[in-house]
>>> print(open('coords.pdb').read())   # PDB, C-alpha atoms
MODEL        1
ATOM      1  CA  MET W  74      21.094  40.242  55.852
ATOM      2  CA  GLU W  75      21.591  38.192  52.717
ATOM      3  CA  ILE W  76      24.892  36.379  52.694
ATOM      4  CA  LYS W  77      26.000  34.362  49.691
ATOM      5  CA  VAL W  78      28.909  32.131  48.802
ATOM      6  CA  HIS W  79      31.993  34.177  47.710
ATOM      7  CA  ASP W  80      30.927  37.178  49.807
ATOM      8  CA  ILE W  81      33.610  38.485  52.116
ATOM      9  CA  VAL W  82      32.579  39.099  55.701
ATOM     10  CA  GLN W  83      34.372  41.430  58.051
ATOM     11  CA  PHE W  84      34.537  40.816  61.791
ATOM     12  CA  ALA W  85      35.998  42.831  64.649
ATOM     13  CA  SER W  86      38.289  40.174  66.048
ATOM     14  CA  ILE W  87      39.539  36.700  65.253
ATOM     15  CA  ASN W  88      38.098  35.756  68.657
ATOM     16  CA  ASP W  89      34.628  36.146  67.176
ATOM     17  CA  ILE W  90      34.942  33.114  64.939
ATOM     18  CA  GLU W  91      33.715  29.670  65.859
ATOM     19  CA  ASN W  92      35.843  26.610  65.240
ATOM     20  CA  SER W  93      34.949  23.069  64.459
ATOM     21  CA  ILE W  94      38.574  22.005  64.564
ATOM     22  CA  ALA W  95      41.392  23.833  66.346
ATOM     23  CA  PRO W  96      42.870  26.597  64.168
ATOM     24  CA  PRO W  97      46.337  25.979  62.737
ATOM     25  CA  ASN W  98      49.158  28.143  64.102
ATOM     26  CA  TRP W  99      49.361  30.477  61.110
ATOM     27  CA  VAL W 100      45.839  31.807  61.721
ATOM     28  CA  LYS W 101      46.748  34.105  64.597
ATOM     29  CA  ASP W 102      49.617  35.723  62.651
ATOM     30  CA  ALA W 103      48.015  36.054  59.223
ATOM     31  CA  PRO W 104      47.054  39.672  58.384
ATOM     32  CA  ALA W 105      44.467  38.406  55.898
ATOM     33  CA  ALA W 106      42.743  36.235  58.518
ATOM     34  CA  LYS W 107      42.552  38.896  61.210
ATOM     35  CA  ASN W 108      39.289  40.548  60.206
ATOM     36  CA  PHE W 109      38.027  38.883  57.032
ATOM     37  CA  GLY W 110      36.646  35.560  55.884
ATOM     38  CA  VAL W 111      35.193  34.305  52.617
ATOM     39  CA  VAL W 112      31.797  32.621  52.702
ATOM     40  CA  ARG W 113      32.021  28.937  51.816
ATOM     41  CA  ARG W 114      29.538  26.862  49.865
ATOM     42  CA  MET W 115      27.631  25.224  52.693
ATOM     43  CA  PRO W 116      24.166  25.708  54.154
ATOM     44  CA  ILE W 117      23.846  28.557  56.680
ATOM     45  CA  THR W 118      22.121  27.082  59.723
ATOM     46  CA  ASN W 119      21.200  28.808  63.005
ATOM     47  CA  LYS W 120      22.555  32.077  61.588
ATOM     48  CA  THR W 121      26.015  30.557  61.582
ATOM     49  CA  VAL W 122      27.907  31.314  58.408
ATOM     50  CA  PRO W 123      30.620  28.971  57.085
ATOM     51  CA  ILE W 124      33.717  30.986  56.209
ATOM     52  CA  GLY W 125      37.248  30.312  55.066
ATOM     53  CA  LEU W 126      40.242  32.215  56.403
ATOM     54  CA  ARG W 127      43.343  32.702  54.315
ATOM     55  CA  GLY W 128      47.001  32.948  55.165
ATOM     56  CA  GLN W 129      49.822  34.121  52.991
ATOM     57  CA  MET W 130      50.590  30.707  51.498
ATOM     58  CA  ARG W 131      48.313  29.001  49.057
ATOM     59  CA  GLU W 132      47.903  25.965  51.258
ATOM     60  CA  GLN W 133      46.985  28.121  54.248
ATOM     61  CA  ARG W 134      43.230  27.924  54.240
ATOM     62  CA  TYR W 135      41.113  27.276  57.293
ATOM     63  CA  GLY W 136      37.421  26.537  57.437
ATOM     64  CA  ALA W 137      35.577  28.118  60.347
ATOM     65  CA  PHE W 138      32.192  29.637  61.154
ATOM     66  CA  ILE W 139      30.910  32.986  62.309
ATOM     67  CA  HIS W 140      27.589  33.926  63.827
ATOM     68  CA  GLU W 141      25.721  36.583  61.846
ATOM     69  CA  SER W 142      25.648  38.857  64.889
ATOM     70  CA  ASN W 143      29.460  39.020  64.809
ATOM     71  CA  ILE W 144      29.594  40.110  61.175
ATOM     72  CA  VAL W 145      30.301  43.830  60.862
ATOM     73  CA  ARG W 146      30.144  44.126  57.091
ATOM     74  CA  VAL W 147      29.369  41.951  54.069
ATOM     75  CA  ILE W 148      31.151  42.743  50.814
ATOM     76  CA  SER W 149      29.874  41.060  47.656
ATOM     77  CA  PRO W 150      32.107  40.406  44.627
ATOM     78  CA  VAL W 151      29.610  42.399  42.529
ATOM     79  CA  SER W 152      30.220  45.520  44.617
ATOM     80  CA  LEU W 153      33.949  45.342  43.816
ATOM     81  CA  VAL W 154      33.510  46.025  40.103
ATOM     82  CA  ASN W 155      33.199  49.748  40.786
ATOM     83  CA  ARG W 156      36.520  49.742  42.625
ATOM     84  CA  ILE W 157      38.608  48.078  39.921
ATOM     85  CA  ASP W 158      40.127  51.384  38.768
ATOM     86  CA  GLU W 159      41.673  51.950  42.184
ATOM     87  CA  PHE W 160      43.918  48.973  41.410
ATOM     88  CA  ASN W 161      45.181  50.142  38.032
ATOM     89  CA  ASP W 162      48.803  49.462  38.950
ATOM     90  CA  ARG W 163      48.179  45.729  39.436
ATOM     91  CA  ILE W 164      49.005  42.996  36.984
ATOM     92  CA  TYR W 165      45.382  41.875  36.849
ATOM     93  CA  TYR W 166      44.006  45.331  36.106
ATOM     94  CA  SER W 167      43.871  45.189  32.316
ATOM     95  CA  ALA W 168      42.005  41.877  32.333
ATOM     96  CA  LEU W 169      39.471  43.138  34.892
ATOM     97  CA  SER W 170      39.032  46.394  33.055
ATOM     98  CA  SER W 171      38.422  44.626  29.719
ATOM     99  CA  MET W 172      35.826  42.392  31.350
ATOM    100  CA  LYS W 173      34.112  45.357  32.987
ATOM    101  CA  ASN W 174      33.741  47.116  29.630
ATOM    102  CA  GLU W 175      32.558  44.004  27.844
ATOM    103  CA  PHE W 176      30.164  42.723  30.504
ATOM    104  CA  GLU W 177      28.574  46.162  30.918
ATOM    105  CA  LYS W 178      27.305  45.928  27.360
ATOM    106  CA  TYR W 179      25.231  42.902  28.301
ATOM    107  CA  ASN W 180      24.304  44.008  31.828
ATOM    108  CA  LEU W 181      25.957  40.933  33.255
ATOM    109  CA  VAL W 182      26.177  40.627  37.017
ATOM    110  CA  TRP W 183      29.690  39.565  37.966
ATOM    111  CA  GLY W 184      32.609  40.269  40.267
ATOM    112  CA  PRO W 185      36.161  39.269  41.099
ATOM    113  CA  THR W 186      36.635  36.496  43.668
ATOM    114  CA  GLY W 187      39.631  34.513  44.912
ATOM    115  CA  SER W 188      42.831  36.366  45.753
ATOM    116  CA  VAL W 189      42.042  39.300  43.452
ATOM    117  CA  GLY W 190      38.617  39.876  45.011
ATOM    118  CA  PHE W 191      40.101  39.542  48.478
ATOM    119  CA  GLU W 192      42.819  42.060  47.699
ATOM    120  CA  ILE W 193      40.369  44.617  46.283
ATOM    121  CA  THR W 194      38.090  44.205  49.302
ATOM    122  CA  THR W 195      40.688  44.436  52.018
ATOM    123  CA  SER W 196      43.632  46.258  50.417
ATOM    124  CA  ILE W 197      45.773  43.508  51.947
ATOM    125  CA  GLN W 198      48.144  42.249  49.276
ATOM    126  CA  VAL W 199      47.451  38.555  48.768
ATOM    127  CA  THR W 200      48.005  38.164  45.021
ATOM    128  CA  THR W 201      51.283  37.222  43.377
ATOM    129  CA  PRO W 202      52.238  37.659  39.713
ATOM    130  CA  ASN W 203      51.211  34.019  39.252
ATOM    131  CA  SER W 204      47.824  34.332  40.900
ATOM    132  CA  ASP W 205      44.847  33.088  38.940
ATOM    133  CA  ILE W 206      42.158  35.592  38.104
ATOM    134  CA  ASP W 207      38.922  34.178  39.441
ATOM    135  CA  ILE W 208      35.575  35.738  38.754
ATOM    136  CA  CYS W 209      32.030  34.823  39.519
ATOM    137  CA  LEU W 210      29.213  35.364  37.063
ATOM    138  CA  TYR W 211      25.639  35.431  38.358
ATOM    139  CA  LEU W 212      23.003  34.232  35.893
ATOM    140  CA  ASN W 213      19.353  33.492  36.625
ATOM    141  CA  GLN W 214      19.482  30.402  34.465
ATOM    142  CA  VAL W 215      21.871  28.526  32.221
ATOM    143  CA  ASP W 216      21.961  30.462  28.957
ATOM    144  CA  ASN W 217      24.096  28.579  26.460
ATOM    145  CA  GLY W 218      24.361  31.473  24.003
ATOM    146  CA  VAL W 219      25.548  33.935  26.651
ATOM    147  CA  LEU W 220      28.038  31.431  28.064
ATOM    148  CA  MET W 221      29.503  30.693  24.638
ATOM    149  CA  ASN W 222      29.912  34.403  23.901
ATOM    150  CA  ILE W 223      31.660  34.988  27.201
ATOM    151  CA  GLY W 224      33.936  32.014  26.561
ATOM    152  CA  ASN W 225      34.919  33.417  23.173
ATOM    153  CA  PHE W 226      35.566  36.862  24.605
ATOM    154  CA  LEU W 227      37.757  35.510  27.418
ATOM    155  CA  GLU W 228      39.800  33.432  24.961
ATOM    156  CA  GLY W 229      41.006  36.739  23.533
ATOM    157  CA  LEU W 230      42.387  38.063  26.830
ATOM    158  CA  ASP W 231      46.074  37.719  27.669
ATOM    159  CA  ARG W 232      45.383  36.019  31.006
ATOM    160  CA  ARG W 233      43.441  32.881  31.763
ATOM    161  CA  ILE W 234      40.287  33.738  33.672
ATOM    162  CA  ASP W 235      38.572  31.148  35.847
ATOM    163  CA  VAL W 236      34.855  31.781  35.708
ATOM    164  CA  GLN W 237      32.429  30.250  38.178
ATOM    165  CA  VAL W 238      28.887  30.540  36.933
ATOM    166  CA  GLU W 239      26.463  30.863  39.858
ATOM    167  CA  ILE W 240      22.828  29.944  39.321
ATOM    168  CA  PRO W 241      20.373  30.693  42.170
ATOM    169  CA  GLU W 242      18.949  27.661  44.001
ATOM    170  CA  LEU W 243      21.330  25.411  42.085
ATOM    171  CA  GLY W 244      24.999  26.114  42.656
ATOM    172  CA  ALA W 245      27.927  26.832  40.413
ATOM    173  CA  PHE W 246      30.028  25.350  37.664
ATOM    174  CA  LEU W 247      33.209  26.336  35.893
ATOM    175  CA  LEU W 248      32.575  27.987  32.547
ATOM    176  CA  ASN W 249      35.397  25.990  30.924
ATOM    177  CA  ASP W 250      33.992  22.721  32.159
ATOM    178  CA  TYR W 251      30.520  23.589  30.906
ATOM    179  CA  LEU W 252      31.738  24.736  27.483
ATOM    180  CA  LYS W 253      33.779  21.583  26.929
ATOM    181  CA  HIS W 254      31.669  18.972  28.648
ATOM    182  CA  SER W 255      28.033  20.088  28.856
ATOM    183  CA  GLU W 256      26.927  16.961  26.998
ATOM    184  CA  THR W 257      29.385  14.495  28.479
ATOM    185  CA  GLY W 258      29.478  15.541  32.112
ATOM    186  CA  PHE W 259      30.377  18.728  33.985
ATOM    187  CA  ILE W 260      30.490  19.317  37.713
ATOM    188  CA  VAL W 261      27.882  21.425  39.475
ATOM    189  CA  LYS W 262      28.910  22.398  43.001
ATOM    190  CA  THR W 263      25.925  22.635  45.296
ATOM    191  CA  LYS W 264      25.606  23.438  48.985
ATOM    192  CA  PHE W 265      25.361  19.717  49.545
ATOM    193  CA  GLY W 266      28.395  18.741  47.522
ATOM    194  CA  PRO W 267      29.462  18.414  43.885
ATOM    195  CA  HIS W 268      27.473  16.490  41.272
ATOM    196  CA  LEU W 269      28.261  15.371  37.755
ATOM    197  CA  CYS W 270      25.582  16.762  35.439
ATOM    198  CA  THR W 271      24.741  17.038  31.752
ATOM    199  CA  MET W 272      22.635  19.428  29.706
ATOM    200  CA  VAL W 273      19.608  17.807  28.114
ATOM    201  CA  ASP W 274      17.204  20.024  26.119
ATOM    202  CA  ASN W 275      18.725  23.121  27.718
ATOM    203  CA  GLN W 276      18.029  21.805  31.203
ATOM    204  CA  ILE W 277      20.559  20.667  33.752
ATOM    205  CA  LYS W 278      20.159  16.977  34.420
ATOM    206  CA  LEU W 279      21.762  15.112  37.275
ATOM    207  CA  GLY W 280      24.064  12.348  36.081
ATOM    208  CA  VAL W 281      25.458  11.176  32.769
ATOM    209  CA  ASN W 282      23.855   8.852  30.237
ATOM    210  CA  SER W 283      26.281   6.278  29.036
TER     211      SER W 283
ATOM    212  CA  MET P  96      54.450  22.259  43.297
ATOM    213  CA  GLU P  97      54.193  18.889  45.006
ATOM    214  CA  LYS P  98      54.291  15.499  43.353
ATOM    215  CA  LEU P  99      52.763  12.462  45.003
ATOM    216  CA  ILE P 100      52.885   8.905  43.677
ATOM    217  CA  TYR P 101      50.832   5.958  44.859
ATOM    218  CA  SER P 102      50.942   2.427  43.538
ATOM    219  CA  PHE P 103      48.523  -0.428  44.196
ATOM    220  CA  PRO P 104      48.168  -3.941  42.766
ATOM    221  CA  ALA P 105      45.483  -4.328  40.081
ATOM    222  CA  SER P 106      44.259  -7.138  37.860
ATOM    223  CA  LYS P 107      41.830  -5.720  35.291
ATOM    224  CA  THR P 108      42.904  -3.974  32.141
ATOM    225  CA  VAL P 109      40.910  -1.032  30.791
ATOM    226  CA  GLU P 110      39.880  -0.446  27.210
ATOM    227  CA  GLN P 111      41.164   2.969  26.345
ATOM    228  CA  PRO P 112      42.818   6.164  27.473
ATOM    229  CA  ALA P 113      40.695   8.881  29.043
ATOM    230  CA  HIS P 114      41.022  12.583  29.711
ATOM    231  CA  VAL P 115      38.465  14.215  32.004
ATOM    232  CA  GLY P 116      38.176  17.403  34.022
ATOM    233  CA  VAL P 117      39.445  20.895  33.338
ATOM    234  CA  VAL P 118      42.254  23.276  34.182
ATOM    235  CA  GLY P 119      40.619  25.709  36.589
ATOM    236  CA  SER P 120      40.339  26.734  40.225
ATOM    237  CA  GLY P 121      38.772  24.039  42.351
ATOM    238  CA  ASP P 122      38.964  21.407  39.654
ATOM    239  CA  LEU P 123      41.496  18.987  38.220
ATOM    240  CA  GLU P 124      42.497  17.166  35.073
ATOM    241  CA  ILE P 125      42.815  13.392  34.998
ATOM    242  CA  LEU P 126      44.562  11.386  32.302
ATOM    243  CA  VAL P 127      44.230   7.609  32.266
ATOM    244  CA  GLU P 128      46.612   5.428  30.263
ATOM    245  CA  PRO P 129      45.880   1.688  30.230
ATOM    246  CA  THR P 130      48.841  -0.525  31.160
ATOM    247  CA  ASP P 131      49.365  -4.270  31.455
ATOM    248  CA  GLU P 132      51.531  -4.041  34.551
ATOM    249  CA  ASN P 133      48.819  -5.185  36.961
ATOM    250  CA  LYS P 134      49.184  -1.988  38.940
ATOM    251  CA  THR P 135      47.225   1.171  39.478
ATOM    252  CA  VAL P 136      49.787   3.938  39.553
ATOM    253  CA  VAL P 137      48.464   7.362  40.526
ATOM    254  CA  GLU P 138      50.665  10.432  40.035
ATOM    255  CA  ILE P 139      49.404  13.683  41.475
ATOM    256  CA  ARG P 140      50.793  17.121  40.741
ATOM    257  CA  THR P 141      49.361  19.873  42.857
ATOM    258  CA  GLY P 142      50.207  23.494  43.652
ATOM    259  CA  ILE P 143      48.650  23.126  47.067
ATOM    260  CA  THR P 144      51.055  21.360  49.389
ATOM    261  CA  GLY P 145      50.463  19.633  52.676
ATOM    262  CA  PHE P 146      47.460  17.477  51.837
ATOM    263  CA  GLN P 147      49.196  14.101  51.469
ATOM    264  CA  ASP P 148      46.979  12.441  54.044
ATOM    265  CA  THR P 149      43.798  13.581  52.320
ATOM    266  CA  TRP P 150      45.040  12.474  48.901
ATOM    267  CA  LYS P 151      46.032   9.102  50.285
ATOM    268  CA  LYS P 152      42.554   8.544  51.698
ATOM    269  CA  VAL P 153      40.816   9.589  48.479
ATOM    270  CA  ILE P 154      43.065   7.408  46.301
ATOM    271  CA  GLU P 155      42.817   4.400  48.623
ATOM    272  CA  ARG P 156      39.070   4.667  48.561
ATOM    273  CA  PHE P 157      39.091   4.871  44.781
ATOM    274  CA  VAL P 158      41.374   1.843  44.425
ATOM    275  CA  SER P 159      39.250  -0.174  46.858
ATOM    276  CA  GLN P 160      36.267   0.389  44.550
ATOM    277  CA  ASN P 161      37.981   0.175  41.160
ATOM    278  CA  ASP P 162      40.360  -2.479  39.904
ATOM    279  CA  VAL P 163      42.162  -0.878  36.970
ATOM    280  CA  SER P 164      45.605  -1.561  35.595
ATOM    281  CA  ALA P 165      46.485   1.921  34.476
ATOM    282  CA  ARG P 166      48.689   4.933  34.947
ATOM    283  CA  ILE P 167      46.513   7.753  36.245
ATOM    284  CA  ARG P 168      47.934  11.257  36.117
ATOM    285  CA  ILE P 169      46.234  14.023  38.051
ATOM    286  CA  ASN P 170      46.892  17.747  37.640
ATOM    287  CA  ASP P 171      45.208  19.367  40.584
ATOM    288  CA  PHE P 172      44.103  22.988  40.896
ATOM    289  CA  GLY P 173      42.730  22.876  44.395
ATOM    290  CA  ALA P 174      39.859  20.430  43.952
ATOM    291  CA  THR P 175      37.971  19.289  47.041
ATOM    292  CA  PRO P 176      38.000  15.548  47.853
ATOM    293  CA  GLY P 177      34.401  15.306  46.602
ATOM    294  CA  VAL P 178      35.341  16.722  43.210
ATOM    295  CA  VAL P 179      38.407  14.447  43.015
ATOM    296  CA  SER P 180      36.276  11.351  43.659
ATOM    297  CA  ILE P 181      33.711  12.337  41.030
ATOM    298  CA  ARG P 182      36.404  12.965  38.432
ATOM    299  CA  LEU P 183      38.159   9.660  39.189
ATOM    300  CA  ALA P 184      34.890   7.775  38.787
ATOM    301  CA  GLN P 185      34.214   9.656  35.563
ATOM    302  CA  ALA P 186      37.707   8.842  34.241
ATOM    303  CA  VAL P 187      37.244   5.121  34.897
ATOM    304  CA  GLU P 188      33.804   5.219  33.311
ATOM    305  CA  VAL P 189      35.261   6.747  30.167
ATOM    306  CA  SER P 190      38.193   4.349  30.172
ATOM    307  CA  THR P 191      36.052   1.244  30.505
ATOM    308  CA  ASN P 192      32.920   2.195  28.587
ATOM    309  CA  GLY P 193      34.449   4.391  25.976
ATOM    310  CA  THR P 194      32.309   7.481  26.394
ATOM    311  CA  ASN P 195      35.391   9.592  25.827
ATOM    312  CA  HIS P 196      34.832  13.120  24.710
ATOM    313  CA  ASN P 197      38.303  14.521  24.297
TER     314      ASN P 197
ENDMDL
END
>>> encode(input="coords.pdb", output="structure tokens")
Amino acid sequence: MEIKVHDIVQFASINDIENSIAPPNWVKDAPAAKNFGVVRRMPITNKTVPIGLRGQMREQRYGAFIHESNIVRVISPVSLVNRIDEFNDRIYYSALSSMKNEFEKYNLVWGPTGSVGFEITTSIQVTTPNSDIDICLYLNQVDNGVLMNIGNFLEGLDRRIDVQVEIPELGAFLLNDYLKHSETGFIVKTKFGPHLCTMVDNQIKLGVNS
Amino acid sequence: MEKLIYSFPASKTVEQPAHVGVVGSGDLEILVEPTDENKTVVEIRTGITGFQDTWKKVIERFVSQNDVSARIRINDFGATPGVVSIRLAQAVEVSTNGTNHN
């Protein structure tokens, strides 16, 4: 079973999760936390997957773990793209639909994450009219031309889209940060924490020359 | 929206203003304005409430390592403490060494 950061895992009962710190009170009452968690960016060791549970409020987030044997289903953001049309009455629909049409042309691998991805996965309403639209874009390597084109396309949408670019074996960065600061310092989030990086000769380099 | 303000004594002035970071989930924007008030004043605006203790620790750690007389404004979009610390260090670097890019 391949489990990646941003994937949503389903479990039978909240009792199946493992805690490192005692869960806050809201956890037991939150519909969104009852059967689903979102995989966090941390190493998976001893088949124990780091997940985050969400409550109704934005500050209600709880980091826990679940053993792979207690995971009933893994839903990747990429698999949600085919279900976007089922949510055509939502405020985020037109933005997602535009991206689907555009990204298809270039065979880009992507999917909604954050509250929108969670809502599409679980049908539990967790978005508000003010919710950000977060997406994840999976590239095999940093391709400056592709990233600039995507940035230009997204500028033309009526909603701000937060794009995390995921690169295998490396981690992820925010598209906006990369586009503005690739030469002066952008943050790459890895399994072992965030690092300030720069692009030198089309390669990601740790640190910033000053 | 929550606003937090911290103030600490400082003695060193910095060269120039700085603007680092981005508006976006899991990140933050930091603006540094040099002052001659011998204080580091940090103002945080965040949509994610209830993390005063964590902010206090991150800011105290930053101030213990950096002596800057400046007003530092932070617009937070759910950054982790690790990202906050990197951005603060980057902001001071830009403010003192002038590698500003904005």
>>> residues_near_point(input="coords.pdb", point="(48.9, 0.5, 35.6)", cutoff="6 Å", atoms="all atoms listed in the file", output="PyMOL selection string")
chain P and resi 130+132-136+164-166
>>> write_last_selection(input="coords.pdb", atoms="C-alpha atoms", output="short mmCIF file (atom, residue, chain, number, x, y, z; two decimals), in the frame of the given file")
data_model
loop_
_atom_site.label_atom_id
_atom_site.label_comp_id
_atom_site.auth_asym_id
_atom_site.auth_seq_id
_atom_site.Cartn_x
_atom_site.Cartn_y
_atom_site.Cartn_z
CA THR P 130 48.84 -0.52 31.16
CA GLU P 132 51.53 -4.04 34.55
CA ASN P 133 48.82 -5.18 36.96
CA LYS P 134 49.18 -1.99 38.94
CA THR P 135 47.22 1.17 39.48
CA VAL P 136 49.79 3.94 39.55
CA SER P 164 45.60 -1.56 35.60
CA ALA P 165 46.48 1.92 34.48
CA ARG P 166 48.69 4.93 34.95
#
>>> residues_around(input="coords.pdb", residues="W:Thr200", least_positions_apart="5", cutoff="8 Å", atoms="all atoms listed in the file", output="PDB file with C-alpha atoms, in the frame of the given file")
ATOM      1  CA  SER W 188      42.831  36.366  45.753  1.00  0.00           C
ATOM      2  CA  VAL W 189      42.042  39.300  43.452  1.00  0.00           C
ATOM      3  CA  GLU W 192      42.819  42.060  47.699  1.00  0.00           C
TER       4      GLU W 192
END
>>> closest_residue(input="coords.pdb", among="P:Val115, P:Val163, P:Ile169, P:Val137", to="P:Ala186", atoms="all atoms listed in the file")
P:Val115
>>> closest_residue(input="coords.pdb", among="P:Ser102, P:Thr144, P:Thr191, P:Asn161", to="chain W", atoms="only C-alpha atoms")
P:Thr144
>>> resolve_selection(input="coords.pdb", expression="the PyMOL selection byres ((chain W) within 10 of (chain P))", output="VMD selection string")
chain W and resid 130 to 133 187 205 to 207 233 to 237 246 to 251 253 to 254 256 to 262 266 to 269 281 to 283
>>> resolve_selection(input="coords.pdb", expression="the PyMOL selection byres ((chain W and resi 108) around 8)", output="ChimeraX atom specification")
/W:83-87,105-107,109-110
>>> write_last_selection(input="coords.pdb", atoms="C-alpha atoms", output="tab-separated table (two decimals), in the coordinates of the input")
chain	number	residue	atom	x	y	z
W	83	GLN	CA	34.37	41.43	58.05
W	84	PHE	CA	34.54	40.82	61.79
W	85	ALA	CA	36.00	42.83	64.65
W	86	SER	CA	38.29	40.17	66.05
W	87	ILE	CA	39.54	36.70	65.25
W	105	ALA	CA	44.47	38.41	55.90
W	106	ALA	CA	42.74	36.24	58.52
W	107	LYS	CA	42.55	38.90	61.21
W	109	PHE	CA	38.03	38.88	57.03
W	110	GLY	CA	36.65	35.56	55.88
>>> atom_distance(input="coords.pdb", atom1="atom CA of W:Pro97", atom2="atom CA of W:Ile208")
28.0 Å
>>> axis_aligned_box(input="coords.pdb", around="stretch 118-134 of chain P", padding_each_side="6 Å", output="AutoDock Vina command-line options")
--center_x 45.2 --center_y 10.8 --center_z 36.3 --size_x 24.8 --size_y 43.9 --size_z 24.1
>>> residues_around(input="coords.pdb", residues="W:Cys209", least_positions_apart="6", cutoff="9 Å", atoms="all atoms listed in the file", output="list in words")
His79, Pro150, Val151, Val182, Trp183, Gly184, Pro185, Thr186, Asp235, Val236, Gln237, Val238 and Glu239 of chain W
>>> build_atoms(input="coords.pdb", residues="stretch 153-166 of chain P", atoms="N, CA, C and O atoms", output="mmCIF file, in the frame of the given file")
data_model
loop_
_atom_site.group_PDB
_atom_site.id
_atom_site.type_symbol
_atom_site.label_atom_id
_atom_site.label_comp_id
_atom_site.auth_asym_id
_atom_site.auth_seq_id
_atom_site.Cartn_x
_atom_site.Cartn_y
_atom_site.Cartn_z
ATOM 1 N N VAL P 153 41.675 9.545 49.675
ATOM 2 C CA VAL P 153 40.816 9.589 48.479
ATOM 3 C C VAL P 153 41.252 8.516 47.478
ATOM 4 O O VAL P 153 40.418 7.798 46.909
ATOM 5 N N ILE P 154 42.557 8.378 47.277
ATOM 6 C CA ILE P 154 43.065 7.408 46.301
ATOM 7 C C ILE P 154 42.824 5.978 46.789
ATOM 8 O O ILE P 154 42.416 5.106 46.018
ATOM 9 N N GLU P 155 43.047 5.749 48.083
ATOM 10 C CA GLU P 155 42.817 4.400 48.623
ATOM 11 C C GLU P 155 41.356 3.987 48.471
ATOM 12 O O GLU P 155 41.043 2.860 48.129
ATOM 13 N N ARG P 156 40.502 4.948 48.704
ATOM 14 C CA ARG P 156 39.070 4.667 48.561
ATOM 15 C C ARG P 156 38.737 4.337 47.094
ATOM 16 O O ARG P 156 38.012 3.391 46.798
ATOM 17 N N PHE P 157 39.316 5.103 46.206
ATOM 18 C CA PHE P 157 39.091 4.871 44.781
ATOM 19 C C PHE P 157 39.578 3.476 44.378
ATOM 20 O O PHE P 157 38.861 2.708 43.723
ATOM 21 N N VAL P 158 40.786 3.129 44.812
ATOM 22 C CA VAL P 158 41.374 1.843 44.425
ATOM 23 C C VAL P 158 40.584 0.678 45.031
ATOM 24 O O VAL P 158 40.435 -0.370 44.413
ATOM 25 N N SER P 159 40.028 0.900 46.240
ATOM 26 C CA SER P 159 39.250 -0.174 46.858
ATOM 27 C C SER P 159 37.947 -0.430 46.087
ATOM 28 O O SER P 159 37.340 -1.484 46.203
ATOM 29 N N GLN P 160 37.531 0.543 45.297
ATOM 30 C CA GLN P 160 36.267 0.389 44.550
ATOM 31 C C GLN P 160 36.481 0.110 43.067
ATOM 32 O O GLN P 160 35.550 -0.241 42.359
ATOM 33 N N ASN P 161 37.719 0.338 42.590
ATOM 34 C CA ASN P 161 37.981 0.175 41.160
ATOM 35 C C ASN P 161 39.276 -0.598 40.951
ATOM 36 O O ASN P 161 40.314 -0.203 41.476
ATOM 37 N N ASP P 162 39.187 -1.665 40.194
ATOM 38 C CA ASP P 162 40.360 -2.479 39.904
ATOM 39 C C ASP P 162 40.788 -2.169 38.467
ATOM 40 O O ASP P 162 40.193 -2.672 37.522
ATOM 41 N N VAL P 163 41.759 -1.278 38.323
ATOM 42 C CA VAL P 163 42.162 -0.878 36.970
ATOM 43 C C VAL P 163 43.684 -0.866 36.845
ATOM 44 O O VAL P 163 44.385 -0.216 37.609
ATOM 45 N N SER P 164 44.168 -1.603 35.859
ATOM 46 C CA SER P 164 45.605 -1.561 35.595
ATOM 47 C C SER P 164 45.848 -0.370 34.672
ATOM 48 O O SER P 164 45.569 -0.419 33.478
ATOM 49 N N ALA P 165 46.349 0.692 35.258
ATOM 50 C CA ALA P 165 46.485 1.921 34.476
ATOM 51 C C ALA P 165 47.433 2.888 35.172
ATOM 52 O O ALA P 165 47.688 2.774 36.385
ATOM 53 N N ARG P 166 47.941 3.812 34.381
ATOM 54 C CA ARG P 166 48.689 4.933 34.947
ATOM 55 C C ARG P 166 47.727 6.114 34.944
ATOM 56 O O ARG P 166 47.186 6.485 33.897
#
